[in-house]
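Novice: Sharing entry_25.cif, mmCIF, C-alpha atoms and all ligand atoms:
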data_start
loop_
_atom_site.label_atom_id
_atom_site.label_comp_id
_atom_site.auth_asym_id
_atom_site.auth_seq_id
_atom_site.Cartn_x
_atom_site.Cartn_y
_atom_site.Cartn_z
CA MET A 1 0.00 0.00 0.00
CA ALA A 2 1.21 3.52 -0.81
CA GLN A 3 1.78 5.97 2.03
CA LEU A 4 -1.60 7.54 1.57
CA THR A 5 -3.01 10.78 2.92
CA GLU A 6 -6.47 11.96 1.95
CA ALA A 7 -7.75 15.52 1.95
CA PHE A 8 -11.40 16.23 1.22
CA PHE A 9 -12.11 19.83 0.28
CA ASP A 10 -15.47 21.63 0.33
CA SER A 11 -14.97 23.20 -3.07
CA LYS A 12 -12.83 23.17 -6.17
CA GLU A 13 -11.50 26.59 -5.13
CA ALA A 14 -10.26 25.21 -1.81
CA MET A 15 -8.59 22.27 -3.56
CA THR A 16 -7.01 24.59 -6.11
CA ALA A 17 -5.62 26.88 -3.41
CA LYS A 18 -4.05 23.94 -1.57
CA LEU A 19 -2.61 22.44 -4.75
CA ALA A 20 -1.14 25.75 -5.89
CA GLU A 21 0.43 26.27 -2.47
CA LEU A 22 1.85 22.73 -2.46
CA LEU A 23 3.29 23.06 -5.96
CA SER A 24 4.84 26.42 -5.26
CA SER A 25 6.39 25.37 -1.93
CA THR A 26 7.67 22.09 -3.40
CA VAL A 27 9.32 23.84 -6.33
CA SER A 28 10.83 26.58 -4.13
CA GLN A 29 12.23 24.09 -1.63
CA ALA A 30 13.67 21.85 -4.34
CA ILE A 31 15.44 24.84 -5.90
CA GLU A 32 16.75 25.90 -2.52
CA VAL A 33 18.12 22.44 -1.73
CA ASP A 34 19.14 21.09 -5.15
CA GLY A 35 19.31 24.19 -7.33
CA ARG A 36 16.59 22.81 -9.63
CA ALA A 37 13.17 21.22 -9.61
CA SER A 38 11.25 18.68 -11.68
CA MET A 39 7.48 18.64 -11.92
CA LEU A 40 5.43 16.01 -13.75
CA VAL A 41 1.99 17.18 -14.77
CA SER A 42 -1.29 15.72 -16.03
CA GLY A 43 -3.98 17.27 -18.16
CA GLY A 44 -7.60 17.45 -17.02
CA SER A 45 -9.92 20.09 -15.62
CA SER A 46 -8.96 19.51 -11.97
CA PRO A 47 -5.42 20.95 -12.00
CA ALA A 48 -6.02 23.68 -14.63
CA PRO A 49 -6.84 26.56 -12.23
CA ALA A 50 -3.85 25.73 -10.01
CA TYR A 51 -1.57 25.71 -13.08
CA LYS A 52 -2.91 29.12 -14.14
CA HIS A 53 -2.38 30.53 -10.66
CA LEU A 54 1.13 29.07 -10.49
CA SER A 55 2.08 30.54 -13.86
CA ASN A 56 1.85 34.04 -12.36
CA LEU A 57 4.10 33.35 -9.36
CA SER A 58 7.64 34.65 -9.51
CA LEU A 59 9.45 31.41 -8.71
CA SER A 60 12.89 30.71 -10.23
CA TRP A 61 11.18 29.15 -13.23
CA ASP A 62 14.43 28.96 -15.21
CA LYS A 63 15.47 26.23 -12.75
CA VAL A 64 12.28 24.21 -13.22
CA THR A 65 11.68 21.41 -15.69
CA VAL A 66 8.11 20.44 -16.44
CA ALA A 67 7.27 17.14 -18.16
CA MET A 68 4.06 15.27 -18.94
CA VAL A 69 2.66 12.32 -16.99
CA ASP A 70 1.01 11.13 -20.20
CA GLU A 71 0.23 12.18 -23.73
CA ARG A 72 -1.86 11.25 -26.72
CA TRP A 73 0.32 10.39 -29.71
CA VAL A 74 -0.60 13.63 -31.46
CA ASP A 75 1.41 16.71 -32.33
CA ALA A 76 1.68 19.53 -29.82
CA ASP A 77 -0.62 21.75 -31.87
CA HIS A 78 -3.45 19.16 -31.79
CA GLU A 79 -6.50 20.27 -29.79
CA LYS A 80 -6.35 17.06 -27.73
CA SER A 81 -2.64 17.38 -26.93
CA ASN A 82 -1.85 17.49 -23.21
CA GLU A 83 1.27 19.45 -24.11
CA ALA A 84 -0.91 22.13 -25.71
CA PHE A 85 -3.02 22.18 -22.55
CA ILE A 86 0.08 22.63 -20.34
CA ASN A 87 1.39 25.33 -22.69
CA SER A 88 -1.85 27.28 -22.40
CA THR A 89 -2.30 26.89 -18.62
CA LEU A 90 1.03 26.45 -16.81
CA LEU A 91 3.78 27.53 -19.19
CA GLN A 92 2.56 31.11 -19.47
CA ASN A 93 3.56 34.40 -17.85
CA GLU A 94 6.39 33.89 -15.31
CA ALA A 95 6.36 30.13 -15.87
CA SER A 96 7.16 30.51 -19.56
CA GLN A 97 10.81 30.47 -18.38
CA ALA A 98 10.51 26.80 -17.34
CA ALA A 99 11.99 24.05 -19.49
CA PHE A 100 9.52 21.56 -20.93
CA VAL A 101 10.30 17.96 -21.85
CA THR A 102 7.78 16.52 -24.25
CA MET A 103 6.68 12.88 -24.49
CA LYS A 104 5.76 13.09 -28.14
CA ASN A 105 8.54 12.79 -30.70
CA ALA A 106 8.75 12.48 -34.48
CA GLU A 107 8.29 8.69 -34.58
CA ALA A 108 5.12 7.58 -36.35
CA THR A 109 3.79 5.49 -33.47
CA ALA A 110 4.05 5.58 -29.69
CA ILE A 111 5.70 2.16 -29.70
CA ALA A 112 8.35 3.40 -32.13
CA GLY A 113 8.81 6.57 -30.05
CA GLN A 114 9.09 4.84 -26.69
CA ALA A 115 12.90 4.42 -26.57
CA GLN A 116 13.51 8.06 -27.45
CA CYS A 117 10.98 9.19 -24.87
CA GLU A 118 12.59 6.94 -22.27
CA ARG A 119 15.99 8.55 -22.97
CA ALA A 120 14.50 12.02 -22.56
CA TYR A 121 12.79 11.08 -19.29
CA ALA A 122 15.93 9.40 -17.92
CA GLU A 123 17.58 12.86 -18.10
CA LEU A 124 15.01 14.48 -15.80
CA LYS A 125 15.97 15.31 -12.24
CA ALA A 126 15.01 12.20 -10.29
CA PRO A 127 13.28 11.33 -8.16
CA PHE A 128 10.86 13.90 -9.52
CA ASP A 129 10.01 16.56 -6.95
CA ILE A 130 6.29 16.29 -7.53
CA THR A 131 3.91 14.41 -9.82
CA ILE A 132 0.31 15.44 -10.42
CA LEU A 133 -2.09 12.65 -11.34
CA GLY A 134 -5.72 12.69 -12.40
CA MET A 135 -8.11 9.80 -12.72
CA GLY A 136 -10.92 8.97 -15.07
CA PRO A 137 -14.31 7.42 -14.32
CA ASP A 138 -12.94 4.14 -15.72
CA GLY A 139 -10.21 4.02 -13.06
CA HIS A 140 -7.39 5.08 -15.37
CA THR A 141 -4.62 7.30 -14.14
CA ALA A 142 -1.84 8.68 -16.32
CA SER A 143 -2.61 6.70 -19.51
CA LEU A 144 -2.87 3.41 -17.65
CA PHE A 145 -6.27 2.49 -19.06
CA PRO A 146 -8.14 -0.69 -18.08
CA HIS A 147 -7.01 -3.68 -20.15
CA ALA A 148 -5.07 -1.48 -22.57
CA GLU A 149 -2.44 -2.90 -24.85
CA GLY A 150 0.82 -2.21 -23.00
CA LEU A 151 -0.80 -1.99 -19.56
CA GLU A 152 0.78 -5.16 -18.15
CA GLN A 153 4.20 -4.04 -19.31
CA ALA A 154 3.60 -0.58 -17.86
CA LEU A 155 2.80 -2.13 -14.48
CA GLN A 156 5.79 -4.47 -14.47
CA THR A 157 8.69 -2.69 -16.15
CA SER A 158 11.35 -0.65 -14.37
CA GLU A 159 11.43 1.76 -17.34
CA LEU A 160 9.87 5.17 -16.83
CA VAL A 161 7.56 5.37 -19.85
CA CYS A 162 5.54 2.95 -21.93
CA ALA A 163 3.48 3.11 -25.12
CA ILE A 164 -0.19 2.36 -24.47
CA ASN A 165 -3.02 1.60 -26.84
CA ALA A 166 -6.24 1.99 -24.86
CA LYS A 167 -9.47 0.18 -25.62
CA GLN A 168 -11.64 2.82 -27.21
CA SER A 169 -14.38 4.09 -24.92
CA GLU A 170 -16.30 7.26 -24.11
CA VAL A 171 -13.43 8.20 -21.82
CA THR A 172 -10.63 7.75 -24.37
CA GLY A 173 -12.44 9.24 -27.36
CA SER A 174 -11.06 8.28 -30.75
CA ILE A 175 -7.36 8.80 -29.95
CA THR A 176 -6.27 5.68 -28.11
CA GLU A 177 -2.55 5.68 -28.84
CA ARG A 178 -0.65 7.23 -25.99
CA MET A 179 2.60 7.44 -24.07
CA SER A 180 2.45 7.18 -20.29
CA LEU A 181 4.56 7.12 -17.21
CA THR A 182 4.74 3.50 -16.10
CA LEU A 183 3.95 2.48 -12.54
CA SER A 184 7.71 2.73 -11.82
CA GLY A 185 7.73 6.15 -13.48
CA ILE A 186 4.83 7.29 -11.30
CA ALA A 187 6.58 5.97 -8.20
CA ASN A 188 9.84 7.73 -9.20
CA THR A 189 8.76 10.84 -7.33
CA LYS A 190 9.17 12.30 -3.88
CA HIS A 191 5.47 13.04 -3.71
CA ALA A 192 2.49 12.34 -5.95
CA VAL A 193 -0.87 14.09 -5.73
CA LEU A 194 -4.00 12.47 -7.13
CA LEU A 195 -6.83 14.88 -7.96
CA ILE A 196 -10.38 13.58 -7.93
CA SER A 197 -13.54 15.59 -8.61
CA GLY A 198 -17.11 14.50 -7.99
CA ASP A 199 -18.96 11.68 -6.26
CA ALA A 200 -18.80 9.24 -9.18
CA LYS A 201 -15.00 9.32 -9.29
CA ARG A 202 -14.83 9.20 -5.51
CA ALA A 203 -16.76 5.91 -5.70
CA VAL A 204 -14.26 4.55 -8.24
CA TYR A 205 -11.41 5.64 -5.97
CA GLU A 206 -13.00 3.86 -2.99
CA GLU A 207 -13.39 0.74 -5.13
CA ALA A 208 -9.74 0.97 -6.18
CA LYS A 209 -8.72 0.84 -2.53
CA GLN A 210 -10.39 -2.56 -2.21
CA PRO A 211 -8.53 -5.73 -3.25
CA GLY A 212 -9.07 -6.68 -6.88
CA SER A 213 -7.63 -6.64 -10.37
CA GLU A 214 -5.13 -3.91 -11.30
CA LEU A 215 -6.01 -4.49 -14.94
CA ASP A 216 -9.69 -3.67 -14.25
CA ILE A 217 -8.82 -0.55 -12.27
CA PRO A 218 -5.22 0.52 -12.99
CA LEU A 219 -5.38 3.18 -10.24
CA ARG A 220 -5.34 0.22 -7.84
CA ALA A 221 -1.72 -0.51 -8.87
CA VAL A 222 -0.73 3.02 -7.89
CA LEU A 223 -2.53 2.75 -4.55
CA ASN A 224 -0.88 -0.62 -3.96
CA HIS A 225 2.65 0.64 -4.65
CA PRO A 226 4.62 0.10 -1.43
CA GLU A 227 7.04 3.01 -1.81
CA LEU A 228 4.87 5.78 -3.19
CA LYS A 229 4.01 8.80 -1.07
CA LEU A 230 0.59 9.79 -2.37
CA SER A 231 -1.76 12.58 -1.35
CA VAL A 232 -5.32 12.26 -2.59
CA PHE A 233 -7.20 15.54 -3.01
CA TRP A 234 -10.95 15.30 -3.59
CA CYS A 235 -13.54 18.00 -4.17
CA PRO A 236 -17.26 17.73 -5.02
O1 LIG B 301 -5.10 12.67 -20.91
C1 LIG B 301 -6.28 12.60 -20.55
O2 LIG B 301 -7.13 11.88 -21.05
C2 LIG B 301 -6.71 13.44 -19.38
O3 LIG B 301 -5.68 14.26 -18.95
C3 LIG B 301 -7.24 12.55 -18.26
O4 LIG B 301 -6.40 11.46 -17.99
C4 LIG B 301 -7.53 13.35 -17.00
O5 LIG B 301 -6.36 13.58 -16.27
C5 LIG B 301 -8.50 12.63 -16.12
O6 LIG B 301 -9.59 12.20 -16.87
C6 LIG B 301 -8.96 13.52 -14.98
O7 LIG B 301 -9.68 14.58 -15.52
P1 LIG B 301 -10.27 15.73 -14.62
O8 LIG B 301 -9.12 16.49 -14.03
O9 LIG B 301 -11.03 16.57 -15.59
O10 LIG B 301 -11.10 15.08 -13.55
#
Would you mind writing the file's structure down as structure tokens?
Specialist:
Amino acid sequence: MAQLTEAFFDSKEAMTAKLAELLSSTVSQAIEVDGRASMLVSGGSSPAPAYKHLSNLSLSWDKVTVAMVDERWVDADHEKSNEAFINSTLLQNEASQAAFVTMKNAEATAIAGQAQCERAYAELKAPFDITILGMGPDGHTASLFPHAEGLEQALQTSELVCAINAKQSEVTGSITERMSLTLSGIANTKHAVLLISGDAKRAVYEEAKQPGSELDIPLRAVLNHPELKLSVFWCP
């Protein structure tokens, strides 16, 4: 079991304020101690306001490297690109000084691009200072989708990233080919924060805490990881 702490907020605003404060203090402390900071980020509506708030803070952004937790295998100018989302929320204003390491590369498929992505991620400051995770109503986190092609490898390998081809669903939409942090990649952090919004996802989270298949609910593998320090933030 991960070292789990749970915080239940009354509102999205309260969760955002706490997340922004946590991100800013983590980055500042890492820079103070190590001279640099690494921050792994997810897409999704939950972290967006905290990213926007953070982008206006005058941290030493030139000492910060931001990288994705997961990405669709689409170019950075695609409307569904998580990189585009991070560019338009976090990497603005003061934070435009931060370095960004992309998951997507020029290879035609995620499988073909995996080795290059792994090399790029192996260069990041590790363990990562902080990793922000979201979860979907299907129990996916990062791009660890239930019964996806590549999921078993992503849960077993010691590599940081893995190509995933998700089973198409309402949650995935039509773009199922992705790159994701593996379970080891998710655990390669000093602190992970999992953001959950709404009662339906809370129910999935509670189910994930119960014993059962990690392939049915991949979040379960993250919750089961013995070395991960994980804070769960929930808001209605
Ligand atoms: O790449 C994606 O498909 C999304 O980023 C996705 O994984 C998201 O993180 C979760 O669905 C949580 O979304 P919310 O933050 O909107 O709850």
Novice: Using the file's own x, y and z axes, what box holds all listed atoms of stretch 32-37 of chain A with 5 Å on each side, keeping edges along x, y and z, and what are its centre and edge lengths in Å to one decimal, as AutoDock Vina command-line options?
Specialist:
--center_x 16.2 --center_y 23.5 --center_z -5.7 --size_x 16.1 --size_y 14.8 --size_z 17.9
Novice: One decimal, in Å: what's the spacing between atom CA of A:Glu21 and atom CA of A:Leu59?
Specialist: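 Interatomic distance here is 12.1 Å.
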Novice: Using only C-alpha atoms and all ligand atoms, which protein or nucleic acid residues are at most 9 Å from ligand LIG 301 (chain B), as a PyMOL selection string?
Specialist: chain A and resi 42-48+69-72+80-82+133-138+140-144+171-173+178+195-198+201
Novice: Using only C-alpha atoms, find the one residue out of A:Ser38, A:Thr16, A:Ser158, A:Ser25 that sits nearest to A:Ala50.
Specialist: A:Thr16
Novice: What does the structure give for the distance between atom CA of A:Leu194 and atom CA of A:Val232, in Å to one decimal?
Specialist: 4.7 Å
Novice: Rank nothing, just name the residue among A:Gln168, A:Thr176, A:Gln153, A:Ser58 nearest to A:Ala95, using only C-alpha atoms.
Specialist: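 Selected residue with least distance to A:Ala95: A:Ser58.
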Novice: Report as a list in words all protein, DNA and RNA residues lying within 12 Å of A:Val33, evaluated on all atoms listed in the file, omitting residues in the same chain fewer than 6 positions from it.
Specialist: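 Within the cut-off, the hits are Thr26, Val27, Lys63 and Asp129 of chain A.
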Novice: Atoms to include: C-alpha atoms. Write the selected residues as a JSON list (two decimals), keeping the file's coordinate frame.
Specialist:
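Saved file selection19.json follows:
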[["chain", "number", "residue", "atom", "x", "y", "z"],
["A", 26, "THR", "CA", 7.67, 22.09, -3.40],
["A", 27, "VAL", "CA", 9.32, 23.84, -6.33],
["A", 63, "LYS", "CA", 15.47, 26.23, -12.75],
["A", 129, "ASP", "CA", 10.01, 16.56, -6.95]]
